[in-house]
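As structure tokens, the structure follows; a few thoughts come after it.
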Amino acid sequence: GDSVTQMEGPVTLSEEAFLTINCTYTATGYPSLFWYVQYPGEGLQLLLKATKADDKGSNKGFEATYRKETTSFHLEKGSVQVSDSAVYFCALYYGNNRLAFGKGNQVVVIP
Amino acid sequence: NAGVTQTPKFQVLKTGQSMTLQCAQDMNHNSMYWYRQDPGMGLRLIYYSASEGTTDKGEVPNGYNVSRLNKREFSLRLESAAPSQTSVYFCASSELGEKLFFGSGTQLSVL
């Protein structure tokens with residue numbers, strides 16, 4: 001079935017460093033792709049989305065490009081802040097009002 | 001704006017006890033969902049309701065039941081709690097199935 005795979009393990013980096021979190025997908029067709037973010041003690045919230053190949057989603061300095069040729073949707077931010085510390089989930093829409101989520105990546109930004 | 005409201009926030013149960021997690025949304029969304037979040041497993045869909053009066057199983061429905069009481073409310077019941085059901089539970093709602101709005105979660109421990 002349709003699914004997403006995120007890179008293993010937490011990510012720890014210093015403030016102002018460049019962040020990349022990898023996400024690849026397996027799907028029949030070209031589903032909409034998403035990144036959700038979960039701040040400590042809260043539920044998930046939508047960070048950005050892309051609905052078709054070559055689309056770039058962006059929000060709060062984060063970007064992700066829908067790459068059909070590599071079936072990827074990697075999340076990037078050029079200069080992270082301590083306030084970006086959170087868990088980030090990649091997701092895809094697989095129909096019937098449902099999303100499939102990746103396992104999430106904990107990001108810790110050190111001052 | 002309340003959004004999605006879950007109760008309780010924390011609960012400790014003994015094995016075999018029953019309980020109901022309550023969820024209500026005030027955004028007039030048709031679809032509602034129950035997820036569980038476990039370390040290393042990401043978010044897994046337990047049950048969802050595409051519209052009032054309908055419910056469907058997700059990935060991990062065993063040991064749970066749901067009720068879509070009306071358009072606003074979607075409850076999750078554990079009839080006989082087991083330690084394997086120790087988790088953080090999230091309720092969510094959406095209109096089109098892509099942008100989900102999450103509650104702040106219920107942390108459940110089953111001893």
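Residues in the structure tokens are named by chain (A, B, ... in the order shown) and by number from 1 within that chain; ligands are numbered from 1 in the order shown.
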Per-residue nearest contacts of range 7-101 of chain B to range 84-102 of chain A (7 Å; only C-alpha atoms) as a Markdown table:
```
| residue | atom | partner | partner_atom | distance |
| --- | --- | --- | --- | --- |
| B:Gly42 | CA | A:Gly102 | CA | 6.1 |
| B:Leu43 | CA | A:Phe101 | CA | 6.2 |
| B:Ala50 | CA | A:Asn97 | CA | 6.7 |
| B:Leu96 | CA | A:Asn97 | CA | 6.2 |
| B:Gly97 | CA | A:Asn97 | CA | 3.7 |
| B:Glu98 | CA | A:Tyr93 | CA | 6.4 |
```
Give me, as an NGL selection string, the contact residues of chain B against chain A at a cut-off of 9 Å, counting only C-alpha atoms. :B and (31 or 33 or 39-45 or 48 or 50 or 90-92 or 94-105)
Nearest to Tyr25 in chain A by atom-to-atom distance, counting only C-alpha atoms, from A:Ser58, A:Ser3, A:Ser83, A:Gln106: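 Closest to Tyr25 in chain A of all the choices is A:Ser3.
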Please identify which residues in chain B DSSP calls strand (DSSP E) from the backbone, and express them as a PyMOL selection string. chain B and resi 4-7+10-13+19-25+31-38+42-49+56-57+64-68+74-78+87-94+101-102+106-110
For Val80 in chain A, list every protein, DNA or RNA residue within 6 Å, evaluated using only C-alpha atoms, and leave out those in the same chain fewer than 2 positions away; present the list as a list in words.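 Near Val80 in chain A, the qualifying residues are Glu15, Glu16 and Ala17 of chain A.
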Preceding selection exported with N, CA and C atoms as an mmCIF file, in the first residue's frame:
```cif
data_model
loop_
_atom_site.group_PDB
_atom_site.id
_atom_site.type_symbol
_atom_site.label_atom_id
_atom_site.label_comp_id
_atom_site.auth_asym_id
_atom_site.auth_seq_id
_atom_site.Cartn_x
_atom_site.Cartn_y
_atom_site.Cartn_z
ATOM 1 N N GLU A 15 22.041 26.033 16.482
ATOM 2 C CA GLU A 15 21.259 27.148 15.945
ATOM 3 C C GLU A 15 21.954 27.720 14.718
ATOM 4 N N GLU A 16 21.167 28.094 13.724
ATOM 5 C CA GLU A 16 21.611 28.656 12.438
ATOM 6 C C GLU A 16 22.187 27.612 11.493
ATOM 7 N N ALA A 17 22.187 26.355 11.862
ATOM 8 C CA ALA A 17 22.645 25.299 10.952
ATOM 9 C C ALA A 17 21.573 25.000 9.911
#
```
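The coordinates place CA of Pro111 in chain A at 19.0 Å from CA of Glu76 in chain A.
Distance-wise, CA of Asp2 in chain A and CA of Pro61 in chain B end up 18.9 Å apart.
Here CA of Ser49 in chain B stands at a distance of 29.0 Å from CA of Tyr66 in chain A.
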Got a sec: who's within 9 Å of His74 in chain A, counting only C-alpha atoms, leaving out chain neighbours fewer than 2 positions off, as a PyMOL selection string? chain A and resi 20-24+63-67+72+76+90
Residue subset to file, keeping C-alpha atoms, as an mmCIF file, in the first residue's frame:
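File out.cif, as written:
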```cif
data_model
loop_
_atom_site.group_PDB
_atom_site.id
_atom_site.type_symbol
_atom_site.label_atom_id
_atom_site.label_comp_id
_atom_site.auth_asym_id
_atom_site.auth_seq_id
_atom_site.Cartn_x
_atom_site.Cartn_y
_atom_site.Cartn_z
ATOM 1 C CA THR A 20 17.448 18.398 6.015
ATOM 2 C CA ILE A 21 15.035 15.605 6.852
ATOM 3 C CA ASN A 22 14.635 12.926 4.217
ATOM 4 C CA CYS A 23 11.304 11.476 3.160
ATOM 5 C CA THR A 24 10.600 9.025 0.358
ATOM 6 C CA GLU A 63 10.660 24.113 2.074
ATOM 7 C CA ALA A 64 10.042 20.754 0.416
ATOM 8 C CA THR A 65 9.898 19.893 -3.290
ATOM 9 C CA TYR A 66 7.816 17.052 -4.717
ATOM 10 C CA ARG A 67 10.302 14.974 -6.754
ATOM 11 C CA SER A 72 11.045 12.096 -2.463
ATOM 12 C CA GLU A 76 14.829 21.730 4.380
ATOM 13 C CA CYS A 90 6.082 13.278 6.461
#
```
Leaving out Arg77 in chain B and any residue of its chain fewer than 6 positions from it, which residues lie within 8 Å of it when counting only C-alpha atoms, given as an mmCIF file with N, CA and C atoms, in the first residue's frame?
```
data_model
loop_
_atom_site.group_PDB
_atom_site.id
_atom_site.type_symbol
_atom_site.label_atom_id
_atom_site.label_comp_id
_atom_site.auth_asym_id
_atom_site.auth_seq_id
_atom_site.Cartn_x
_atom_site.Cartn_y
_atom_site.Cartn_z
ATOM 1 N N SER B 18 -12.108 -0.363 31.880
ATOM 2 C CA SER B 18 -12.591 0.245 30.642
ATOM 3 C C SER B 18 -12.609 1.757 30.785
ATOM 4 N N MET B 19 -12.562 2.430 29.666
ATOM 5 C CA MET B 19 -12.693 3.879 29.677
ATOM 6 C C MET B 19 -13.030 4.382 28.276
ATOM 7 N N THR B 20 -13.541 5.596 28.222
ATOM 8 C CA THR B 20 -13.878 6.237 26.964
ATOM 9 C C THR B 20 -13.121 7.552 26.846
ATOM 10 N N LEU B 21 -12.446 7.743 25.727
ATOM 11 C CA LEU B 21 -11.807 9.010 25.412
ATOM 12 C C LEU B 21 -12.782 9.830 24.575
ATOM 13 N N TYR B 64 -10.356 -1.787 20.479
ATOM 14 C CA TYR B 64 -11.002 -0.472 20.536
ATOM 15 C C TYR B 64 -12.371 -0.512 19.854
ATOM 16 N N ASN B 65 -13.244 0.390 20.309
ATOM 17 C CA ASN B 65 -14.496 0.657 19.620
ATOM 18 C C ASN B 65 -14.692 2.161 19.549
ATOM 19 N N VAL B 66 -15.463 2.604 18.584
ATOM 20 C CA VAL B 66 -15.705 4.034 18.429
ATOM 21 C C VAL B 66 -17.192 4.295 18.252
#
```
